[in-house]
Amino acid sequence: MIDINESVMQFLLAFVVVGPLLGAAAALLPAPPGLKGKSPEQAVLRHGVTVTGAILIAAIVLALGFDHDQPSKMQAGTDISWIPALHVRIHLGIDGISLPLLVLTALLTFLCALYSYFKQQHQRLTPRAEGPAPKAFVALLLVLEGGTLATFAVLDLVLFFLAFEMVLIPMYFLIARWGGEGRSQAAWRFILYTLLGSVVMLLGLLLIGIKAGTFDMMALATDNGRSLSTSVQVIAVLAIGIGLAVKTPMWPLHSWLPDAHTAAPTVGSVLLAGVLLKMGTYGFVRILLPIAPDGFRTFAPYLAALAVVGIIYGSLACLALAKQGAKGDLKRLVAYSSVGHMGFVLLGIATMTPTGVNGALFANIAHGLITGLLFFLVGALKDRTGTTDLDTLAEETGAALYGKAPRLGGLIAFAAAASLGLPGLAGFWGEMLALFGAFRPAEGLSRPAFLTFMAIGAFGTLLTAAYLLVVVRRVCMGALPQDAPTLPDVRSYEFAAWTPLVALTVVAGLWPRALLGLSDPAVQQLLAGGTR
């Protein structure tokens, strides 16, 4: 920790939220002659790297200046009246819950911009429609980053909703213009599902604000539902929960996710899995748990039940896709794996215990690192072989990556081991803590029911290991024919983009206190109904 003045911290947080939007506007302007480099495309992609790099540096300095002795305290706060008639304020702040998500978002967006810039040297981005493709690509990427960062930083329900919605349009166009086969249908399904969920969520947010007389999330958390009747809380949790569950995504509201991931470009899949899904689970923790605890307790068993169904369903879908002869798509398989992994996050939240919620927050970060890496690797594999079809990779193309591209094969095996929850890597702690939370749920929740959910979730971890080991065996192993064409191994720019994710996966696995030390005091205070 370094000692940074509070006003500087406020400026840094405001810059982290607003900077990407200013960068997006600048990306659409003509590049100055001295900055064009070899081509305008190169200049605008370099602009994306510069802006996202500056945001990442600001987020890291923010993390270094954060008072780690008081992680439950809202820091770097800004509170300005915006719409007095509606009591809406521009209220920003971070604590031990939101800070890791803020840094994760800044890191993944920077790595995506870096990856896109250097990949252009090998394979120029090809738009699917007329227009300034690289400019639009960078602008959309930055708007997406701005909306996600704002979601984790704002402390007003109206601003939260606006930030929550801001990411939909850029992700729609990233899929629709730069996606693969079936991109148009996948983009429409994504936007329709998420918009319909958001309309219902807005009604719930307005209900809370009108009944409580404020949209301020800090004041509402301190009140801890005392100004809201149980019936109002139940209606609000149902309405807001539907919108958050669509974004998470929770079974059975998940069906937009596999299509969106399969059609999306590599960086779109990385950001969709790495940060956009976290917006839903963050809303459960930041809004529903402290603001409407009685209403949440009513639905907690049902949320846990749907979570474990999602764990089993996602794993069985992945096993079916991994089976020989199923013509399973590797990107689709990783997408279905997210349904299972996010099920553990929802199970941890549903326990309403510090252990379970801490596990959910840890699993959020771990999933962002590991699944972001997996989508990078699958994208690289498609660039080299022209396909993500598992049967084609295993039989016709004869991937046998350990022999053809050993570093790439080793990274895929590493990411799979991390995803299945191997002890010592990031994926282990979050899922284990979520199951521990289910072993002894909060007072008022049925322990026999949650013990059943724990057992089902634990069985899901075995299914997860099964399908990931099948994938590694089929893609990475196998005899290498003498006349087999060689595949390029990990390139230098890929190494630069993936190394931080590998390193952080190991660090989080070996030193979980780095995250749990931040989140636990904030979670304890949040569940107790207090805020400072």
# chains A, B, ... in the order shown; residues from 1 in each chain; ligands from 1
$ residues_around --residues "Phe450 (chain A)" --least-positions-apart "6" --cutoff "8 Å" --atoms "only C-alpha atoms" --output "PDB file with N, CA and C atoms, in the first residue's frame"
ATOM      1  N   PRO A 301     -33.337 -20.425  -1.227  1.00  0.00           N
ATOM      2  CA  PRO A 301     -33.334 -21.861  -1.558  1.00  0.00           C
ATOM      3  C   PRO A 301     -33.598 -22.136  -3.038  1.00  0.00           C
ATOM      4  N   ALA A 304     -30.430 -21.326  -4.954  1.00  0.00           N
ATOM      5  CA  ALA A 304     -29.454 -22.396  -4.788  1.00  0.00           C
ATOM      6  C   ALA A 304     -29.826 -23.618  -5.618  1.00  0.00           C
ATOM      7  N   THR A 351     -26.224 -18.928  -0.004  1.00  0.00           N
ATOM      8  CA  THR A 351     -26.063 -19.357   1.391  1.00  0.00           C
ATOM      9  C   THR A 351     -26.211 -18.201   2.373  1.00  0.00           C
ATOM     10  N   ALA A 438     -22.538 -23.751   1.795  1.00  0.00           N
ATOM     11  CA  ALA A 438     -23.773 -24.540   1.717  1.00  0.00           C
ATOM     12  C   ALA A 438     -23.858 -25.566   2.847  1.00  0.00           C
ATOM     13  N   PHE A 439     -22.697 -25.968   3.382  1.00  0.00           N
ATOM     14  CA  PHE A 439     -22.692 -26.940   4.482  1.00  0.00           C
ATOM     15  C   PHE A 439     -23.367 -26.360   5.721  1.00  0.00           C
ATOM     16  N   ARG A 440     -23.222 -25.061   5.957  1.00  0.00           N
ATOM     17  CA  ARG A 440     -23.865 -24.412   7.097  1.00  0.00           C
ATOM     18  C   ARG A 440     -24.411 -23.062   6.642  1.00  0.00           C
ATOM     19  N   PRO A 441     -25.619 -23.056   6.044  1.00  0.00           N
ATOM     20  CA  PRO A 441     -26.164 -21.795   5.507  1.00  0.00           C
ATOM     21  C   PRO A 441     -26.599 -20.856   6.623  1.00  0.00           C
TER      22      PRO A 441
END
$ closest_residue --among "A:Gly421, A:Gly372, A:Gly386, A:Gly517" --to "Val502 (chain A)" --atoms "only C-alpha atoms"
A:Gly372
$ residues_around --residues "region 401-413 of chain A" --least-positions-apart "6" --cutoff "8 Å" --atoms "only C-alpha atoms" --output "list in words"
Leu374, Leu377, Val472, Val475, Cys476, Met477, Leu480, Thr486, Leu487, Pro488, Asp489 and Val490 of chain A
$ write_last_selection --atoms "N, CA and C atoms" --output "PDB file, in the first residue's frame"
ATOM      1  N   LEU A 374      -8.800 -19.313 -21.423  1.00  0.00           N
ATOM      2  CA  LEU A 374      -9.289 -20.400 -22.284  1.00  0.00           C
ATOM      3  C   LEU A 374      -9.792 -19.871 -23.622  1.00  0.00           C
ATOM      4  N   LEU A 377      -6.945 -18.963 -25.844  1.00  0.00           N
ATOM      5  CA  LEU A 377      -6.288 -20.158 -26.375  1.00  0.00           C
ATOM      6  C   LEU A 377      -7.113 -20.808 -27.483  1.00  0.00           C
ATOM      7  N   VAL A 472      -8.600 -32.243 -23.102  1.00  0.00           N
ATOM      8  CA  VAL A 472      -7.136 -32.238 -23.157  1.00  0.00           C
ATOM      9  C   VAL A 472      -6.616 -33.469 -23.888  1.00  0.00           C
ATOM     10  N   VAL A 475      -7.443 -33.032 -27.763  1.00  0.00           N
ATOM     11  CA  VAL A 475      -6.811 -31.924 -28.478  1.00  0.00           C
ATOM     12  C   VAL A 475      -5.292 -31.951 -28.353  1.00  0.00           C
ATOM     13  N   CYS A 476      -4.803 -32.287 -27.189  1.00  0.00           N
ATOM     14  CA  CYS A 476      -3.364 -32.150 -26.934  1.00  0.00           C
ATOM     15  C   CYS A 476      -2.582 -33.435 -27.146  1.00  0.00           C
ATOM     16  N   MET A 477      -3.213 -34.583 -26.968  1.00  0.00           N
ATOM     17  CA  MET A 477      -2.486 -35.851 -27.045  1.00  0.00           C
ATOM     18  C   MET A 477      -2.742 -36.526 -28.378  1.00  0.00           C
ATOM     19  N   LEU A 480       1.678 -38.437 -33.530  1.00  0.00           N
ATOM     20  CA  LEU A 480       2.027 -37.377 -34.468  1.00  0.00           C
ATOM     21  C   LEU A 480       2.563 -38.004 -35.751  1.00  0.00           C
ATOM     22  N   THR A 486       3.155 -28.707 -39.449  1.00  0.00           N
ATOM     23  CA  THR A 486       3.487 -28.066 -38.174  1.00  0.00           C
ATOM     24  C   THR A 486       2.537 -26.898 -37.917  1.00  0.00           C
ATOM     25  N   LEU A 487       2.382 -26.594 -36.659  1.00  0.00           N
ATOM     26  CA  LEU A 487       1.576 -25.445 -36.259  1.00  0.00           C
ATOM     27  C   LEU A 487       2.479 -24.438 -35.568  1.00  0.00           C
ATOM     28  N   PRO A 488       2.269 -23.147 -35.831  1.00  0.00           N
ATOM     29  CA  PRO A 488       3.062 -22.142 -35.104  1.00  0.00           C
ATOM     30  C   PRO A 488       2.793 -22.251 -33.612  1.00  0.00           C
ATOM     31  N   ASP A 489       3.843 -22.242 -32.821  1.00  0.00           N
ATOM     32  CA  ASP A 489       3.670 -22.272 -31.377  1.00  0.00           C
ATOM     33  C   ASP A 489       3.332 -20.863 -30.883  1.00  0.00           C
ATOM     34  N   VAL A 490       3.334 -20.668 -29.586  1.00  0.00           N
ATOM     35  CA  VAL A 490       2.925 -19.389 -29.005  1.00  0.00           C
ATOM     36  C   VAL A 490       3.810 -18.266 -29.528  1.00  0.00           C
TER      37      VAL A 490
END
$ residues_around --residues "Leu289 (chain A)" --least-positions-apart "4" --cutoff "12 Å" --atoms "only C-alpha atoms" --output "MDAnalysis selection string"
chainID A and resid 217 220:222 224:225 233 236:237 240:241 281:285 293:300 349:354 357 523:530
$ closest_residue --among "A:Leu162, A:Val199, A:Met218, A:Leu141" --to "Asp95 (chain A)" --atoms "only C-alpha atoms"
A:Met218
$ residues_around --residues "Pro521 (chain A)" --least-positions-apart "5" --cutoff "9 Å" --atoms "only C-alpha atoms" --output "number ranges by chain"
A: 70-72, 96, 516, 526
$ select_by_dssp --residues "region 67-293 of chain A" --states "strand (DSSP E or B)" --output "JSON, numbers by chain"
{"A": [75, 76, 77, 78, 79, 80, 81, 82, 83, 88, 89, 90, 91, 92, 93, 94, 154, 156, 216]}
$ residues_around --residues "region 163-168 of chain A" --least-positions-apart "2" --cutoff "10 Å" --atoms "only C-alpha atoms" --output "MDAnalysis selection string"
chainID A and resid 140:154 157:161 170:173 187 190:192 194:195 198 244 247 272 276 279:280 283
$ select_by_dssp --residues "region 282-491 of chain A" --states "alpha helix (DSSP H)" --output "VMD selection string"
chain A and resid 282 to 283 289 to 291 293 to 322 330 to 350 354 to 385 390 to 391 401 to 404 406 to 419 426 to 439 447 to 476
$ residues_around --residues "Gly48 (chain A)" --least-positions-apart "4" --cutoff "10 Å" --atoms "only C-alpha atoms" --output "list in words"
Pro20, Gly23, Ala24, Ala26, Ala27, Gln42, Ala43, Val44, Thr52, Gly53, Ala54, Thr109, Phe110, Cys112, Ala113, Leu114, Ser116, Tyr117, Pro134, Lys135, Phe137, Val138, Ala139, Leu141 and Leu142 of chain A
$ write_last_selection --atoms "N, CA and C atoms" --output "mmCIF file, in the first residue's frame"
data_model
loop_
_atom_site.group_PDB
_atom_site.id
_atom_site.type_symbol
_atom_site.label_atom_id
_atom_site.label_comp_id
_atom_site.auth_asym_id
_atom_site.auth_seq_id
_atom_site.Cartn_x
_atom_site.Cartn_y
_atom_site.Cartn_z
ATOM 1 N N PRO A 20 -12.347 5.674 -20.442
ATOM 2 C CA PRO A 20 -12.653 4.876 -21.634
ATOM 3 C C PRO A 20 -13.656 5.538 -22.574
ATOM 4 N N GLY A 23 -11.839 8.133 -24.461
ATOM 5 C CA GLY A 23 -11.006 7.435 -25.437
ATOM 6 C C GLY A 23 -11.801 6.915 -26.614
ATOM 7 N N ALA A 24 -13.036 6.474 -26.358
ATOM 8 C CA ALA A 24 -13.896 5.991 -27.439
ATOM 9 C C ALA A 24 -14.247 7.118 -28.398
ATOM 10 N N ALA A 26 -12.449 9.824 -28.883
ATOM 11 C CA ALA A 26 -11.221 10.191 -29.592
ATOM 12 C C ALA A 26 -10.883 9.183 -30.684
ATOM 13 N N ALA A 27 -11.252 7.912 -30.485
ATOM 14 C CA ALA A 27 -10.946 6.886 -31.483
ATOM 15 C C ALA A 27 -11.663 7.135 -32.805
ATOM 16 N N GLN A 42 -3.522 0.735 -37.954
ATOM 17 C CA GLN A 42 -2.526 0.544 -36.907
ATOM 18 C C GLN A 42 -2.609 1.657 -35.863
ATOM 19 N N ALA A 43 -2.845 2.883 -36.333
ATOM 20 C CA ALA A 43 -2.898 4.026 -35.423
ATOM 21 C C ALA A 43 -4.060 3.907 -34.452
ATOM 22 N N VAL A 44 -5.237 3.522 -34.929
ATOM 23 C CA VAL A 44 -6.391 3.484 -34.042
ATOM 24 C C VAL A 44 -6.298 2.299 -33.085
ATOM 25 N N THR A 52 -6.474 1.907 -22.926
ATOM 26 C CA THR A 52 -6.715 0.823 -21.962
ATOM 27 C C THR A 52 -5.510 0.637 -21.040
ATOM 28 N N GLY A 53 -4.301 0.894 -21.560
ATOM 29 C CA GLY A 53 -3.105 0.834 -20.713
ATOM 30 C C GLY A 53 -3.129 1.901 -19.635
ATOM 31 N N ALA A 54 -3.550 3.109 -20.008
ATOM 32 C CA ALA A 54 -3.640 4.200 -19.024
ATOM 33 C C ALA A 54 -4.685 3.881 -17.957
ATOM 34 N N THR A 109 -9.383 -5.926 -20.478
ATOM 35 C CA THR A 109 -9.606 -5.043 -21.631
ATOM 36 C C THR A 109 -8.278 -4.617 -22.247
ATOM 37 N N PHE A 110 -7.293 -4.319 -21.420
ATOM 38 C CA PHE A 110 -5.965 -3.977 -21.939
ATOM 39 C C PHE A 110 -5.356 -5.147 -22.710
ATOM 40 N N CYS A 112 -6.911 -7.526 -24.229
ATOM 41 C CA CYS A 112 -7.657 -7.678 -25.487
ATOM 42 C C CYS A 112 -7.207 -6.640 -26.517
ATOM 43 N N ALA A 113 -7.008 -5.399 -26.068
ATOM 44 C CA ALA A 113 -6.543 -4.347 -26.983
ATOM 45 C C ALA A 113 -5.136 -4.659 -27.483
ATOM 46 N N LEU A 114 -4.273 -5.117 -26.594
ATOM 47 C CA LEU A 114 -2.899 -5.473 -26.968
ATOM 48 C C LEU A 114 -2.902 -6.622 -27.959
ATOM 49 N N SER A 116 -5.310 -7.538 -29.993
ATOM 50 C CA SER A 116 -5.871 -7.100 -31.277
ATOM 51 C C SER A 116 -4.858 -6.286 -32.078
ATOM 52 N N TYR A 117 -4.093 -5.442 -31.389
ATOM 53 C CA TYR A 117 -3.106 -4.604 -32.080
ATOM 54 C C TYR A 117 -2.028 -5.443 -32.751
ATOM 55 N N PRO A 134 -11.755 -0.605 -37.986
ATOM 56 C CA PRO A 134 -10.890 -0.545 -36.802
ATOM 57 C C PRO A 134 -11.320 0.549 -35.822
ATOM 58 N N LYS A 135 -11.760 1.696 -36.346
ATOM 59 C CA LYS A 135 -12.227 2.764 -35.465
ATOM 60 C C LYS A 135 -13.445 2.308 -34.668
ATOM 61 N N PHE A 137 -14.311 -0.753 -34.008
ATOM 62 C CA PHE A 137 -13.892 -1.831 -33.110
ATOM 63 C C PHE A 137 -13.310 -1.260 -31.813
ATOM 64 N N VAL A 138 -12.383 -0.328 -31.922
ATOM 65 C CA VAL A 138 -11.737 0.251 -30.738
ATOM 66 C C VAL A 138 -12.744 1.064 -29.923
ATOM 67 N N ALA A 139 -13.571 1.848 -30.598
ATOM 68 C CA ALA A 139 -14.563 2.660 -29.879
ATOM 69 C C ALA A 139 -15.522 1.771 -29.097
ATOM 70 N N LEU A 141 -14.977 -1.287 -28.047
ATOM 71 C CA LEU A 141 -14.217 -1.918 -26.963
ATOM 72 C C LEU A 141 -14.108 -0.983 -25.759
ATOM 73 N N LEU A 142 -13.854 0.306 -26.017
ATOM 74 C CA LEU A 142 -13.695 1.267 -24.938
ATOM 75 C C LEU A 142 -15.024 1.605 -24.267
#
$ closest_residue --among "A:Ile456, A:Thr230, A:Ile90, A:Tyr193" --to "Leu253 (chain A)" --atoms "only C-alpha atoms"
A:Tyr193
$ closest_residue --among "A:Thr464, A:Ser492, A:Thr452, A:Ser184" --to "Leu347 (chain A)" --atoms "only C-alpha atoms"
A:Thr452
$ closest_residue --among "A:Asp329, A:Leu86, A:Arg491, A:Gln10" --to "Arg384 (chain A)" --atoms "only C-alpha atoms"
A:Arg491
$ closest_atom_pairs --of "region 48-124 of chain A" --to "region 202-214 of chain A" --cutoff "12 Å" --atoms "only C-alpha atoms" --output "tab-separated table"
residue	atom	partner	partner_atom	distance
A:Ile83	CA	A:Thr214	CA	12.0
A:Pro84	CA	A:Thr214	CA	10.9
A:Ala85	CA	A:Thr214	CA	11.1
A:Leu86	CA	A:Thr214	CA	8.4
A:His87	CA	A:Thr214	CA	6.3
A:Val88	CA	A:Thr214	CA	7.8
A:Arg89	CA	A:Thr214	CA	9.8
$ atom_distance --atom1 "CA of Ala245 (chain A)" --atom2 "CA of Gly197 (chain A)"
8.2 Å
$ decode --residues "region 142-166 of chain A" --atoms "N, CA and C atoms" --output "PDB file, in the first residue's frame"
ATOM      1  N   LEU A 142     -13.854   0.306 -26.017  1.00  0.00           N
ATOM      2  CA  LEU A 142     -13.695   1.267 -24.938  1.00  0.00           C
ATOM      3  C   LEU A 142     -15.024   1.605 -24.267  1.00  0.00           C
ATOM      4  N   VAL A 143     -16.104   1.692 -25.028  1.00  0.00           N
ATOM      5  CA  VAL A 143     -17.422   1.924 -24.419  1.00  0.00           C
ATOM      6  C   VAL A 143     -17.799   0.737 -23.532  1.00  0.00           C
ATOM      7  N   LEU A 144     -17.494  -0.457 -24.025  1.00  0.00           N
ATOM      8  CA  LEU A 144     -17.747  -1.669 -23.235  1.00  0.00           C
ATOM      9  C   LEU A 144     -16.982  -1.624 -21.912  1.00  0.00           C
ATOM     10  N   GLU A 145     -15.713  -1.222 -21.985  1.00  0.00           N
ATOM     11  CA  GLU A 145     -14.910  -1.115 -20.770  1.00  0.00           C
ATOM     12  C   GLU A 145     -15.485  -0.064 -19.824  1.00  0.00           C
ATOM     13  N   GLY A 146     -15.867   1.101 -20.372  1.00  0.00           N
ATOM     14  CA  GLY A 146     -16.403   2.166 -19.532  1.00  0.00           C
ATOM     15  C   GLY A 146     -17.665   1.746 -18.800  1.00  0.00           C
ATOM     16  N   GLY A 147     -18.573   1.067 -19.501  1.00  0.00           N
ATOM     17  CA  GLY A 147     -19.813   0.626 -18.870  1.00  0.00           C
ATOM     18  C   GLY A 147     -19.565  -0.397 -17.781  1.00  0.00           C
ATOM     19  N   THR A 148     -18.635  -1.330 -18.027  1.00  0.00           N
ATOM     20  CA  THR A 148     -18.348  -2.362 -17.025  1.00  0.00           C
ATOM     21  C   THR A 148     -17.695  -1.763 -15.787  1.00  0.00           C
ATOM     22  N   LEU A 149     -16.699  -0.890 -15.992  1.00  0.00           N
ATOM     23  CA  LEU A 149     -16.035  -0.249 -14.856  1.00  0.00           C
ATOM     24  C   LEU A 149     -17.011   0.597 -14.046  1.00  0.00           C
ATOM     25  N   ALA A 150     -17.899   1.302 -14.734  1.00  0.00           N
ATOM     26  CA  ALA A 150     -18.884   2.123 -14.028  1.00  0.00           C
ATOM     27  C   ALA A 150     -19.825   1.261 -13.190  1.00  0.00           C
ATOM     28  N   THR A 151     -20.196   0.092 -13.698  1.00  0.00           N
ATOM     29  CA  THR A 151     -21.084  -0.805 -12.943  1.00  0.00           C
ATOM     30  C   THR A 151     -20.490  -1.157 -11.590  1.00  0.00           C
ATOM     31  N   PHE A 152     -19.163  -1.372 -11.556  1.00  0.00           N
ATOM     32  CA  PHE A 152     -18.508  -1.772 -10.314  1.00  0.00           C
ATOM     33  C   PHE A 152     -18.157  -0.588  -9.412  1.00  0.00           C
ATOM     34  N   ALA A 153     -18.305   0.640  -9.928  1.00  0.00           N
ATOM     35  CA  ALA A 153     -17.876   1.806  -9.155  1.00  0.00           C
ATOM     36  C   ALA A 153     -19.027   2.675  -8.669  1.00  0.00           C
ATOM     37  N   VAL A 154     -20.202   2.620  -9.314  1.00  0.00           N
ATOM     38  CA  VAL A 154     -21.284   3.537  -8.943  1.00  0.00           C
ATOM     39  C   VAL A 154     -22.024   3.031  -7.707  1.00  0.00           C
ATOM     40  N   LEU A 155     -22.587   3.958  -6.944  1.00  0.00           N
ATOM     41  CA  LEU A 155     -23.296   3.634  -5.706  1.00  0.00           C
ATOM     42  C   LEU A 155     -24.686   4.247  -5.697  1.00  0.00           C
ATOM     43  N   ASP A 156     -25.268   4.383  -6.880  1.00  0.00           N
ATOM     44  CA  ASP A 156     -26.628   4.887  -7.035  1.00  0.00           C
ATOM     45  C   ASP A 156     -27.378   3.906  -7.933  1.00  0.00           C
ATOM     46  N   LEU A 157     -28.584   3.526  -7.559  1.00  0.00           N
ATOM     47  CA  LEU A 157     -29.313   2.497  -8.302  1.00  0.00           C
ATOM     48  C   LEU A 157     -29.595   2.904  -9.748  1.00  0.00           C
ATOM     49  N   VAL A 158     -29.907   4.182  -9.968  1.00  0.00           N
ATOM     50  CA  VAL A 158     -30.187   4.637 -11.335  1.00  0.00           C
ATOM     51  C   VAL A 158     -28.916   4.597 -12.176  1.00  0.00           C
ATOM     52  N   LEU A 159     -27.809   5.082 -11.617  1.00  0.00           N
ATOM     53  CA  LEU A 159     -26.539   5.018 -12.335  1.00  0.00           C
ATOM     54  C   LEU A 159     -26.118   3.572 -12.582  1.00  0.00           C
ATOM     55  N   PHE A 160     -26.368   2.699 -11.608  1.00  0.00           N
ATOM     56  CA  PHE A 160     -26.050   1.282 -11.789  1.00  0.00           C
ATOM     57  C   PHE A 160     -26.799   0.722 -12.992  1.00  0.00           C
ATOM     58  N   PHE A 161     -28.073   1.062 -13.100  1.00  0.00           N
ATOM     59  CA  PHE A 161     -28.855   0.554 -14.230  1.00  0.00           C
ATOM     60  C   PHE A 161     -28.325   1.095 -15.553  1.00  0.00           C
ATOM     61  N   LEU A 162     -27.998   2.392 -15.600  1.00  0.00           N
ATOM     62  CA  LEU A 162     -27.482   2.983 -16.834  1.00  0.00           C
ATOM     63  C   LEU A 162     -26.162   2.335 -17.251  1.00  0.00           C
ATOM     64  N   ALA A 163     -25.264   2.123 -16.270  1.00  0.00           N
ATOM     65  CA  ALA A 163     -23.991   1.470 -16.575  1.00  0.00           C
ATOM     66  C   ALA A 163     -24.211   0.026 -16.994  1.00  0.00           C
ATOM     67  N   PHE A 164     -25.134  -0.652 -16.329  1.00  0.00           N
ATOM     68  CA  PHE A 164     -25.466  -2.045 -16.625  1.00  0.00           C
ATOM     69  C   PHE A 164     -25.937  -2.195 -18.071  1.00  0.00           C
ATOM     70  N   GLU A 165     -26.696  -1.191 -18.548  1.00  0.00           N
ATOM     71  CA  GLU A 165     -27.232  -1.239 -19.914  1.00  0.00           C
ATOM     72  C   GLU A 165     -26.216  -0.771 -20.955  1.00  0.00           C
ATOM     73  N   MET A 166     -25.249   0.037 -20.533  1.00  0.00           N
ATOM     74  CA  MET A 166     -24.302   0.625 -21.481  1.00  0.00           C
ATOM     75  C   MET A 166     -23.514  -0.431 -22.251  1.00  0.00           C
TER      76      MET A 166
END
